[in-house]
$ cat upload-v1.tsv   # TSV, C-alpha atoms and all ligand atoms
chain	number	residue	atom	x	y	z
C	1	MET	CA	29.79	-16.99	-24.55
C	2	SER	CA	26.53	-16.78	-22.66
C	3	GLN	CA	25.55	-18.93	-19.72
C	4	ARG	CA	22.88	-20.48	-21.85
C	5	GLU	CA	25.43	-21.64	-24.38
C	6	TRP	CA	27.42	-23.10	-21.54
C	7	ILE	CA	24.44	-25.01	-20.33
C	8	GLU	CA	23.55	-26.29	-23.73
C	9	LYS	CA	27.04	-27.42	-24.54
C	10	ASP	CA	28.69	-30.38	-22.95
C	11	PHE	CA	32.37	-29.60	-23.15
C	12	TYR	CA	33.33	-32.76	-21.31
C	13	LYS	CA	31.53	-34.84	-23.87
C	14	ASP	CA	33.17	-32.84	-26.66
C	15	LEU	CA	36.58	-33.76	-25.27
C	16	GLY	CA	35.51	-37.29	-24.35
C	17	VAL	CA	36.50	-36.91	-20.72
C	18	SER	CA	34.52	-37.31	-17.51
C	19	PRO	CA	33.40	-34.24	-15.57
C	20	ASP	CA	35.95	-35.03	-12.84
C	21	ALA	CA	38.88	-35.39	-15.23
C	22	SER	CA	42.12	-33.75	-14.10
C	23	GLN	CA	43.54	-30.73	-15.93
C	24	ASP	CA	46.22	-33.04	-17.24
C	25	ASP	CA	43.67	-35.49	-18.68
C	26	ILE	CA	41.90	-32.60	-20.36
C	27	LYS	CA	45.13	-31.39	-21.90
C	28	LYS	CA	45.96	-34.87	-23.22
C	29	ALA	CA	42.47	-35.45	-24.60
C	30	TYR	CA	42.48	-32.08	-26.34
C	31	ARG	CA	45.91	-32.64	-27.92
C	32	LYS	CA	44.92	-35.99	-29.33
C	33	LEU	CA	41.58	-34.74	-30.71
C	34	ALA	CA	43.10	-31.57	-32.10
C	35	ARG	CA	45.69	-33.63	-33.95
C	36	ASP	CA	43.13	-36.12	-35.30
C	37	LEU	CA	40.57	-33.52	-36.32
C	38	HIS	CA	42.86	-30.77	-37.56
C	39	PRO	CA	41.67	-29.40	-40.94
C	40	ASP	CA	45.16	-29.98	-42.37
C	41	ALA	CA	44.78	-33.67	-41.59
C	42	ASN	CA	41.20	-33.82	-42.93
C	43	PRO	CA	41.06	-31.64	-46.03
C	44	GLY	CA	37.48	-31.01	-47.22
C	45	ASP	CA	35.91	-32.91	-44.32
C	46	ALA	CA	33.22	-30.53	-42.99
C	47	ALA	CA	32.20	-32.81	-40.13
C	48	ALA	CA	35.75	-33.03	-38.87
C	49	GLU	CA	36.05	-29.27	-39.12
C	50	GLU	CA	32.92	-28.82	-36.96
C	51	ARG	CA	34.21	-31.27	-34.41
C	52	PHE	CA	37.56	-29.48	-34.41
C	53	LYS	CA	35.82	-26.20	-33.64
C	54	ALA	CA	33.77	-27.77	-30.86
C	55	VAL	CA	36.85	-29.36	-29.34
C	56	SER	CA	38.73	-26.06	-29.44
C	57	GLU	CA	35.84	-24.27	-27.81
C	58	ALA	CA	35.59	-26.92	-25.10
C	59	ASN	CA	39.33	-26.75	-24.46
C	60	ALA	CA	39.26	-22.95	-24.20
C	61	VAL	CA	36.94	-23.26	-21.23
C	62	LEU	CA	38.05	-26.49	-19.56
C	63	SER	CA	41.81	-25.83	-19.83
C	64	ASP	CA	41.38	-22.69	-17.75
C	65	PRO	CA	40.65	-23.79	-14.16
C	66	ALA	CA	38.79	-20.56	-13.32
C	67	LYS	CA	36.60	-20.75	-16.40
C	68	ARG	CA	36.07	-24.45	-15.85
C	69	LYS	CA	34.89	-23.80	-12.32
C	70	GLU	CA	32.42	-21.18	-13.50
C	71	TYR	CA	31.19	-23.50	-16.23
C	72	ASP	CA	30.71	-26.36	-13.76
C	73	GLU	CA	28.84	-24.13	-11.35
C	74	THR	CA	26.60	-22.72	-14.02
C	75	ARG	CA	25.65	-26.19	-15.13
C	76	ARG	CA	25.19	-27.44	-11.60
C	77	LEU	CA	22.86	-24.55	-10.79
C	78	PHE	CA	20.86	-25.24	-13.87
C	79	ALA	CA	20.64	-28.95	-13.30
C	80	SER	CA	20.20	-29.27	-9.59
C	81	GLY	CA	16.59	-28.28	-9.12
C	82	GLY	CA	17.42	-28.16	-5.45
C	83	GLY	CA	16.89	-24.47	-5.16
C	84	GLY	CA	20.00	-23.33	-6.93
C	85	PHE	CA	18.13	-22.14	-9.94
C	86	GLY	CA	17.10	-18.94	-8.29
C	87	GLY	CA	19.62	-16.84	-10.08
C	88	PHE	CA	18.14	-17.67	-13.42
C	89	HIS	CA	14.53	-16.84	-12.99
C	90	PRO	CA	13.04	-15.16	-16.02
C	91	GLY	CA	14.18	-11.64	-16.38
C	92	ALA	CA	17.00	-11.88	-13.90
C	93	GLY	CA	19.66	-13.91	-15.62
C	94	GLY	CA	21.71	-12.82	-18.56
C	95	GLY	CA	20.84	-15.61	-20.91
C	96	PHE	CA	17.38	-16.36	-19.67
C	97	THR	CA	15.43	-13.28	-20.38
C	98	SER	CA	13.22	-14.85	-22.98
C	99	THR	CA	11.91	-18.03	-21.50
C	100	ASN	CA	9.13	-19.35	-23.58
C	101	PHE	CA	8.71	-22.97	-23.00
C	102	ASP	CA	6.06	-25.44	-23.84
C	103	ILE	CA	6.07	-28.34	-21.50
C	104	GLY	CA	3.87	-30.20	-23.96
C	105	ASP	CA	6.91	-30.68	-26.15
C	106	LEU	CA	8.67	-32.44	-23.37
C	107	PHE	CA	5.97	-34.62	-22.02
C	108	GLY	CA	4.49	-35.61	-25.31
C	109	GLY	CA	1.16	-37.37	-25.51
C	110	GLY	CA	1.64	-39.26	-22.30
C	111	ALA	CA	1.60	-36.12	-20.25
C	112	ALA	CA	-1.95	-35.25	-21.10
C	113	ASP	CA	-3.11	-38.76	-20.30
C	114	SER	CA	-1.68	-38.61	-16.83
C	115	GLY	CA	-3.00	-35.17	-16.15
C	116	LEU	CA	0.47	-33.68	-16.01
C	117	GLY	CA	-0.15	-31.53	-19.02
C	118	ASP	CA	-2.73	-29.48	-17.21
C	119	LEU	CA	-0.69	-29.17	-14.09
C	120	PHE	CA	2.39	-28.01	-15.87
C	121	GLY	CA	0.53	-25.94	-18.35
C	122	GLY	CA	-0.12	-23.40	-15.68
C	123	LEU	CA	3.41	-23.41	-14.43
C	124	PHE	CA	5.19	-22.22	-17.46
C	125	ASN	CA	4.69	-19.59	-20.06
C	126	ARG	CA	3.31	-21.22	-23.10
C	127	GLY	CA	3.86	-20.59	-26.75
C	128	GLY	CA	5.67	-17.85	-28.53
C	129	ALA	CA	8.83	-19.83	-28.92
C	130	GLY	CA	8.35	-20.50	-32.58
C	131	GLY	CA	8.86	-24.17	-32.11
C	132	THR	CA	12.33	-24.05	-30.61
C	133	THR	CA	12.51	-25.11	-27.03
C	134	ARG	CA	15.60	-23.67	-25.50
C	135	THR	CA	15.49	-23.08	-21.81
C	136	ARG	CA	13.66	-24.63	-18.94
C	137	PRO	CA	12.41	-22.25	-16.31
C	138	ARG	CA	12.04	-24.36	-13.22
C	139	ARG	CA	11.11	-21.58	-10.88
C	140	GLY	CA	7.43	-21.71	-10.08
C	141	GLY	CA	5.09	-19.41	-11.92
C	142	ASP	CA	3.90	-16.13	-10.56
C	143	VAL	CA	0.32	-16.14	-9.36
C	144	GLU	CA	-2.07	-13.26	-9.82
C	145	THR	CA	-5.01	-12.84	-7.55
C	146	GLU	CA	-7.18	-10.01	-6.34
C	147	THR	CA	-9.00	-8.90	-3.26
C	148	THR	CA	-11.58	-6.21	-2.58
C	149	LEU	CA	-11.36	-4.07	0.52
C	150	ASP	CA	-13.76	-1.72	2.18
C	151	PHE	CA	-12.75	1.88	1.75
C	152	ARG	CA	-12.01	2.41	5.41
C	153	ASP	CA	-9.94	-0.81	5.67
C	154	ALA	CA	-7.88	0.32	2.70
C	155	VAL	CA	-7.27	3.72	4.26
C	156	GLN	CA	-6.42	2.42	7.71
C	157	GLY	CA	-4.60	-0.78	6.69
C	158	VAL	CA	-5.91	-4.28	7.26
C	159	THR	CA	-4.82	-7.89	7.35
C	160	VAL	CA	-6.76	-10.10	4.97
C	161	PRO	CA	-6.69	-13.87	4.67
C	162	LEU	CA	-6.54	-15.07	1.07
C	163	ARG	CA	-7.60	-18.61	0.30
C	164	MET	CA	-5.81	-19.87	-2.75
C	165	THR	CA	-5.63	-23.17	-4.54
C	166	SER	CA	-2.40	-23.47	-6.42
C	167	PRO	CA	0.50	-25.82	-6.97
C	168	ALA	CA	2.70	-25.98	-3.88
C	169	PRO	CA	5.63	-28.19	-2.88
C	170	CYS	CA	4.49	-31.72	-2.13
C	171	THR	CA	4.43	-32.23	1.62
C	172	THR	CA	5.32	-35.91	1.34
C	173	CYS	CA	8.58	-35.55	-0.61
C	174	HIS	CA	9.20	-31.89	0.20
C	175	GLY	CA	9.18	-31.11	-3.48
C	176	SER	CA	11.91	-33.49	-4.58
C	177	GLY	CA	9.47	-35.76	-6.42
C	178	ALA	CA	11.22	-38.83	-5.03
C	179	GLU	CA	9.66	-41.27	-2.59
C	180	PRO	CA	10.73	-40.34	0.97
C	181	GLY	CA	14.02	-42.06	1.78
C	182	THR	CA	15.14	-41.98	-1.84
C	183	SER	CA	16.52	-39.14	-3.89
C	184	PRO	CA	16.64	-38.28	-7.57
C	185	ARG	CA	19.88	-39.07	-9.37
C	186	VAL	CA	21.57	-36.97	-12.01
C	187	CYS	CA	20.52	-38.04	-15.49
C	188	PRO	CA	23.53	-39.85	-16.96
C	189	TYR	CA	22.52	-39.18	-20.54
C	190	CYS	CA	22.55	-35.38	-20.34
C	191	ASN	CA	24.80	-35.13	-17.27
C	192	GLY	CA	22.05	-33.29	-15.48
C	193	SER	CA	21.71	-30.45	-17.93
C	194	GLY	CA	18.33	-31.63	-19.21
C	195	ILE	CA	19.45	-30.71	-22.69
C	196	VAL	CA	21.26	-32.76	-25.27
C	197	SER	CA	23.13	-31.32	-28.21
C	198	ARG	CA	22.94	-32.98	-31.56
C	199	ASN	CA	24.96	-32.22	-34.63
C	200	GLN	CA	23.24	-32.56	-37.94
C	201	GLY	CA	25.53	-31.64	-40.78
C	202	ALA	CA	26.82	-28.16	-40.18
C	203	PHE	CA	24.15	-27.35	-37.63
C	204	GLY	CA	24.31	-28.12	-33.98
C	205	PHE	CA	21.13	-27.82	-32.03
C	206	SER	CA	19.92	-28.59	-28.56
C	207	GLU	CA	16.80	-30.31	-27.41
C	208	PRO	CA	15.37	-31.53	-24.14
C	209	CYS	CA	16.81	-34.81	-22.98
C	210	ASP	CA	14.40	-37.71	-23.60
C	211	ASP	CA	15.68	-39.81	-20.72
C	212	CYS	CA	14.89	-37.30	-18.00
C	213	ARG	CA	12.22	-35.34	-19.90
C	214	GLY	CA	14.40	-32.26	-19.69
C	215	THR	CA	14.53	-32.12	-15.92
C	216	GLY	CA	18.17	-33.22	-15.60
C	217	SER	CA	17.42	-35.83	-12.99
C	218	ILE	CA	15.86	-39.24	-12.90
C	219	ILE	CA	13.57	-40.42	-10.16
C	220	ASP	CA	13.64	-44.17	-9.75
C	221	SER	CA	10.86	-44.31	-7.17
C	222	PRO	CA	8.52	-41.40	-7.71
C	223	CYS	CA	6.65	-40.00	-4.75
C	224	LYS	CA	3.14	-41.48	-4.83
C	225	ASP	CA	1.41	-38.39	-3.62
C	226	CYS	CA	2.66	-36.11	-6.38
C	227	ARG	CA	3.49	-38.70	-9.05
C	228	GLY	CA	7.07	-37.54	-9.06
C	229	THR	CA	6.40	-33.92	-9.89
C	230	GLY	CA	7.19	-32.61	-6.41
C	231	ILE	CA	4.09	-30.49	-6.68
C	232	GLN	CA	0.62	-30.84	-5.26
C	233	ASN	CA	-2.38	-28.63	-5.67
C	234	ARG	CA	-3.06	-27.28	-2.25
C	235	THR	CA	-5.47	-24.84	-0.79
C	236	ARG	CA	-3.56	-22.42	1.33
C	237	THR	CA	-4.60	-19.47	3.36
C	238	ILE	CA	-2.15	-16.65	3.04
C	239	THR	CA	-2.36	-13.69	5.34
C	240	VAL	CA	-1.75	-10.50	3.46
C	241	ARG	CA	-0.98	-7.39	5.41
C	242	VAL	CA	-2.25	-4.45	3.44
C	243	PRO	CA	-0.48	-1.23	4.43
C	244	PRO	CA	-2.57	1.81	5.37
C	245	GLY	CA	-3.47	4.14	2.56
C	246	ILE	CA	-3.41	1.62	-0.29
C	247	LYS	CA	-5.01	2.90	-3.47
C	248	ASP	CA	-7.57	1.18	-5.64
C	249	GLY	CA	-5.81	-0.90	-8.29
C	250	SER	CA	-2.53	-1.25	-6.36
C	251	ARG	CA	-0.59	-4.48	-6.69
C	252	ILE	CA	1.08	-6.10	-3.69
C	253	ARG	CA	3.93	-8.52	-4.33
C	254	LEU	CA	4.50	-11.40	-1.93
C	255	ALA	CA	7.83	-12.92	-2.82
C	256	GLY	CA	7.93	-16.71	-2.88
C	257	GLN	CA	4.19	-17.13	-2.34
C	258	GLY	CA	3.42	-18.10	-5.93
C	259	GLU	CA	3.44	-21.53	-7.49
C	260	ALA	CA	5.98	-24.05	-6.34
C	261	GLY	CA	8.94	-24.67	-8.60
C	262	LEU	CA	9.42	-28.03	-10.25
C	263	ARG	CA	11.09	-30.49	-7.90
C	264	GLY	CA	11.95	-28.07	-5.16
C	265	ALA	CA	13.04	-25.12	-7.34
C	266	PRO	CA	12.16	-21.67	-5.94
C	267	SER	CA	8.54	-20.65	-5.90
C	268	GLY	CA	7.20	-17.81	-7.96
C	269	ASP	CA	5.73	-14.68	-6.49
C	270	LEU	CA	2.16	-13.87	-5.59
C	271	PHE	CA	0.73	-10.63	-6.87
C	272	VAL	CA	-2.43	-9.35	-5.23
C	273	THR	CA	-4.33	-6.62	-7.00
C	274	VAL	CA	-6.30	-4.64	-4.45
C	275	HIS	CA	-9.66	-3.19	-5.33
C	276	VAL	CA	-11.24	-0.66	-3.01
C	277	ARG	CA	-15.00	-0.41	-2.62
C	278	PRO	CA	-16.21	3.19	-2.74
C	279	ASP	CA	-17.43	4.62	0.54
C	280	LYS	CA	-20.82	6.24	1.01
C	281	VAL	CA	-19.33	9.25	2.76
C	282	PHE	CA	-15.65	9.59	2.00
C	283	GLY	CA	-13.73	10.02	-1.18
C	284	ARG	CA	-9.99	10.22	-1.61
C	285	ASP	CA	-7.55	12.62	-3.16
C	286	GLY	CA	-4.05	11.28	-2.55
C	287	ASP	CA	-3.46	11.45	1.18
C	288	ASP	CA	-6.51	13.64	1.74
C	289	LEU	CA	-9.97	12.35	2.48
C	290	THR	CA	-12.83	14.24	0.92
C	291	LEU	CA	-16.47	14.58	1.79
C	292	VAL	CA	-19.36	16.76	0.70
C	293	LEU	CA	-21.24	18.38	3.57
C	294	PRO	CA	-24.84	19.43	2.94
C	295	VAL	CA	-25.56	22.81	4.59
C	296	SER	CA	-28.37	25.32	4.53
C	297	TYR	CA	-28.10	28.76	3.04
C	298	GLY	CA	-28.56	30.21	6.48
C	299	GLU	CA	-25.66	28.20	7.91
C	300	LEU	CA	-23.34	29.61	5.24
C	301	VAL	CA	-24.54	33.16	5.77
C	302	LEU	CA	-24.55	33.19	9.54
C	303	GLY	CA	-21.80	30.66	10.14
C	304	ALA	CA	-22.25	27.45	12.12
C	305	THR	CA	-20.46	24.58	13.76
C	306	VAL	CA	-21.48	21.29	12.13
C	307	SER	CA	-20.56	17.78	13.25
C	308	VAL	CA	-18.79	15.85	10.45
C	309	PRO	CA	-17.63	12.22	10.42
C	310	THR	CA	-13.95	11.26	10.40
C	311	LEU	CA	-12.43	7.79	10.03
C	312	ASP	CA	-12.38	7.32	13.78
C	313	GLY	CA	-15.21	9.43	15.12
C	314	ARG	CA	-16.54	12.92	14.50
C	315	VAL	CA	-15.27	16.50	14.67
C	316	GLY	CA	-17.09	19.83	15.00
C	317	LEU	CA	-16.41	21.78	11.80
C	318	LYS	CA	-16.60	25.54	12.10
C	319	ILE	CA	-18.18	27.22	9.08
C	320	PRO	CA	-17.25	30.91	9.12
C	321	PRO	CA	-20.04	33.46	8.50
C	322	GLY	CA	-20.34	34.38	4.81
C	323	THR	CA	-18.87	31.11	3.51
C	324	ALA	CA	-19.49	30.64	-0.22
C	325	ASP	CA	-21.31	27.56	-1.46
C	326	GLY	CA	-18.82	24.98	-2.77
C	327	ARG	CA	-15.96	26.22	-0.61
C	328	VAL	CA	-13.56	23.57	0.70
C	329	LEU	CA	-12.80	23.59	4.40
C	330	ARG	CA	-9.79	21.72	5.71
C	331	VAL	CA	-9.62	19.61	8.86
C	332	ARG	CA	-5.91	19.01	9.41
C	333	GLY	CA	-4.56	15.53	10.13
C	334	ARG	CA	-7.85	13.67	9.70
C	335	GLY	CA	-7.06	12.21	6.28
C	336	VAL	CA	-5.27	9.07	5.09
C	337	PRO	CA	-2.40	7.84	7.27
C	338	LYS	CA	0.93	8.45	5.52
C	339	ARG	CA	3.70	5.91	5.27
C	340	SER	CA	6.11	8.54	6.57
C	341	GLY	CA	3.95	9.09	9.66
C	342	GLY	CA	1.21	11.61	10.20
C	343	ALA	CA	-1.82	11.80	7.97
C	344	GLY	CA	-3.34	13.85	5.22
C	345	ASP	CA	-6.26	16.23	5.77
C	346	LEU	CA	-10.01	15.92	5.62
C	347	LEU	CA	-11.34	18.24	2.91
C	348	VAL	CA	-14.95	19.21	3.44
C	349	THR	CA	-16.85	20.74	0.53
C	350	VAL	CA	-19.94	22.66	1.67
C	351	LYS	CA	-22.96	22.31	-0.57
C	352	VAL	CA	-26.21	24.14	-0.06
C	353	ALA	CA	-29.25	21.89	0.20
C	354	ILE	CA	-32.39	23.56	-1.16
C	355	PRO	CA	-35.56	22.77	0.81
C	356	GLN	CA	-38.30	21.19	-1.28
C	357	HIS	CA	-41.14	21.16	1.21
C	358	LEU	CA	-41.41	24.19	3.47
C	359	ASP	CA	-44.46	24.92	5.57
C	360	ASP	CA	-46.43	28.17	5.23
C	361	GLN	CA	-44.70	29.77	8.15
C	362	ALA	CA	-41.26	29.19	6.63
C	363	ILE	CA	-42.41	30.36	3.19
C	364	ASP	CA	-43.88	33.52	4.64
C	365	ALA	CA	-40.72	34.17	6.58
C	366	LEU	CA	-38.65	33.61	3.42
C	367	ARG	CA	-40.72	36.17	1.50
C	368	VAL	CA	-40.19	38.70	4.28
C	369	TYR	CA	-36.53	37.87	4.26
C	370	LEU	CA	-36.13	38.31	0.48
C	371	HIS	CA	-37.76	41.70	0.71
C	372	ALA	CA	-35.40	42.72	3.52
C	373	GLU	CA	-32.45	41.33	1.58
C	374	LYS	CA	-33.28	43.52	-1.39
C	375	ASN	CA	-33.69	46.53	0.87
C	376	SER	CA	-30.29	45.93	2.36
C	377	GLY	CA	-28.79	46.23	-1.15
C	378	PHE	CA	-28.05	42.59	-2.02
C	379	ASP	CA	-28.42	41.73	-5.70
C	380	PRO	CA	-27.26	38.18	-6.51
C	381	ARG	CA	-26.61	39.19	-10.14
C	382	GLU	CA	-24.68	42.34	-9.41
C	383	GLY	CA	-21.45	42.40	-11.36
C	384	TRP	CA	-22.50	39.33	-13.33
C	385	ALA	CA	-21.45	39.47	-16.99
C	386	GLY	CA	-24.85	38.16	-18.11
C	387	ALA	CA	-26.80	40.90	-16.40
F	1	ZN	ZN	5.71	-35.82	-3.52
F	2	ZN	ZN	18.69	-36.19	-19.14
$ encode --input "upload-v1.tsv" --output "structure tokens" --more "lines below"
Ligand SMILES: [Zn+2]
Ligand SMILES: [Zn+2]
Amino acid sequence: MSQREWIEKDFYKDLGVSPDASQDDIKKAYRKLARDLHPDANPGDAAAEERFKAVSEANAVLSDPAKRKEYDETRRLFASGGGGFGGFHPGAGGGFTSTNFDIGDLFGGGAADSGLGDLFGGLFNRGGAGGTTRTRPRRGGDVETETTLDFRDAVQGVTVPLRMTSPAPCTTCHGSGAEPGTSPRVCPYCNGSGIVSRNQGAFGFSEPCDDCRGTGSIIDSPCKDCRGTGIQNRTRTITVRVPPGIKDGSRIRLAGQGEAGLRGAPSGDLFVTVHVRPDKVFGRDGDDLTLVLPVSYGELVLGATVSVPTLDGRVGLKIPPGTADGRVLRVRGRGVPKRSGGAGDLLVTVKVAIPQHLDDQAIDALRVYLHAEKNSGFDPREGWAGA
């Protein structure tokens, strides 16, 4: 039997005993009910048969002290709202993987009037449940936000403040929803489970408890600042430390920085998608920084030392004589800092810049040069397949 079934079923109610009944009381209650409801004693009575099954199921768990303890704890976790629900957040717990829940079902028309509908609408996943409301995720929702960094900040790492307005635990009642000095009490109707089981003919089904609106607890004096929800919209500034070398489109997870849970339940997580503004000079290829260096034909032919920018200054880049246009030269250790220590390289692509406006002297010199080039045996199309 899954944890969810445990939570939805009230075995104590099935046996007509209180949750603190002794093992002996449970045994006595079961024996009496089993005798009264036994199919042999009630031939053809479908309702009695269903009750008999429920009683047997309840006894199977409650008569075993170890199982009973587990059952009690599971229900307490689910009902408490005091932070114990953490183990059940969507995706983590066995029975809670599909948690589609529409708070509108619980709060009815009154919720919208009071503004609660909007507040809670953002806290839970809506829709998709096909009309059956089964579980109540109380953990706060995850929050998605984004930030845009300058290229160099992203490469070198930076701390950014993020201003966010989102539901957070009420500061007045610390998220309990109860007026300071008072505390919520366990809902007597559903015994704190927030769910009541009804039997209709052969079908048993569960629905949120009307008395406590599915929360499992009743607040007699609601906190005035949060109207009993335990949640206030607050603008917070969160400092996000972005590690060096983060890539455009990366997502950073900040555990527990999402929306507050209902009545003090754990908060969701904050996910920050990081966008990186392109840089005018540098590009990136993994841990390597790239840049395109404009050079003259003469610099490639004769060789030169050219000053190039790095993230933290400049270096003199040596271009060997006879370097081909488009060749990539490597400056070791001047790239993106690595998480493991050290850094990638700076990859410099040389690209010949063709002069557009030369004076007569330069043009004359170029003509003389081309003539000399030919005489020295250079043919740019030698060995070219298209020649
Ligand atoms: Zn409050
Ligand atoms: Zn209730």
$ atom_distance --input "upload-v1.tsv" --atom1 "atom CA of Arg31 of chain C" --atom2 "atom CA of Glu57 of chain C"
13.1 Å
$ closest_residue --input "upload-v1.tsv" --among "C:Leu62, C:Leu149, C:Ile231, C:Ile246" --to "ligand ZN 1 (chain F)" --atoms "only C-alpha atoms and all ligand atoms"
C:Ile231
$ residues_near_ligand --input "upload-v1.tsv" --ligand "ligand ZN 2 (chain F)" --cutoff "8 Å" --atoms "only C-alpha atoms and all ligand atoms" --output "CSV table (one decimal) with C-alpha atoms, in the coordinates of the input"
chain,number,residue,atom,x,y,z
C,186,VAL,CA,21.6,-37.0,-12.0
C,187,CYS,CA,20.5,-38.0,-15.5
C,188,PRO,CA,23.5,-39.8,-17.0
C,189,TYR,CA,22.5,-39.2,-20.5
C,190,CYS,CA,22.6,-35.4,-20.3
C,191,ASN,CA,24.8,-35.1,-17.3
C,192,GLY,CA,22.0,-33.3,-15.5
C,193,SER,CA,21.7,-30.4,-17.9
C,194,GLY,CA,18.3,-31.6,-19.2
C,195,ILE,CA,19.4,-30.7,-22.7
C,196,VAL,CA,21.3,-32.8,-25.3
C,208,PRO,CA,15.4,-31.5,-24.1
C,209,CYS,CA,16.8,-34.8,-23.0
C,210,ASP,CA,14.4,-37.7,-23.6
C,211,ASP,CA,15.7,-39.8,-20.7
C,212,CYS,CA,14.9,-37.3,-18.0
C,213,ARG,CA,12.2,-35.3,-19.9
C,214,GLY,CA,14.4,-32.3,-19.7
C,215,THR,CA,14.5,-32.1,-15.9
C,216,GLY,CA,18.2,-33.2,-15.6
C,217,SER,CA,17.4,-35.8,-13.0
C,218,ILE,CA,15.9,-39.2,-12.9
$ residues_near_ligand --input "upload-v1.tsv" --ligand "ligand ZN 1 (chain F)" --cutoff "7 Å" --atoms "all atoms listed in the file" --output "list in words"
Cys170, Thr171, Thr172, Cys173, His174, Gly175, Ser176, Gly177, Ala178, Glu179, Cys223, Lys224, Asp225, Cys226, Arg227, Gly228, Thr229, Gly230 and Ile231 of chain C
$ residues_around --input "upload-v1.tsv" --residues "Arg339 of chain C" --least-positions-apart "5" --cutoff "12 Å" --atoms "all atoms listed in the file" --output "short mmCIF file (atom, residue, chain, number, x, y, z; two decimals) with C-alpha atoms, in the frame of the given file"
data_model
loop_
_atom_site.label_atom_id
_atom_site.label_comp_id
_atom_site.auth_asym_id
_atom_site.auth_seq_id
_atom_site.Cartn_x
_atom_site.Cartn_y
_atom_site.Cartn_z
CA VAL C 155 -7.27 3.72 4.26
CA GLN C 156 -6.42 2.42 7.71
CA GLY C 157 -4.60 -0.78 6.69
CA PRO C 243 -0.48 -1.23 4.43
CA PRO C 244 -2.57 1.81 5.37
CA GLY C 245 -3.47 4.14 2.56
CA ILE C 246 -3.41 1.62 -0.29
CA ASP C 287 -3.46 11.45 1.18
CA GLY C 344 -3.34 13.85 5.22
#
$ closest_residue --input "upload-v1.tsv" --among "C:His371, C:His357, C:Lys247, C:Lys9" --to "Phe205 of chain C" --atoms "all atoms listed in the file"
C:Lys9
$ atom_distance --input "upload-v1.tsv" --atom1 "atom CA of Pro169 of chain C" --atom2 "atom CA of Pro184 of chain C"
15.7 Å
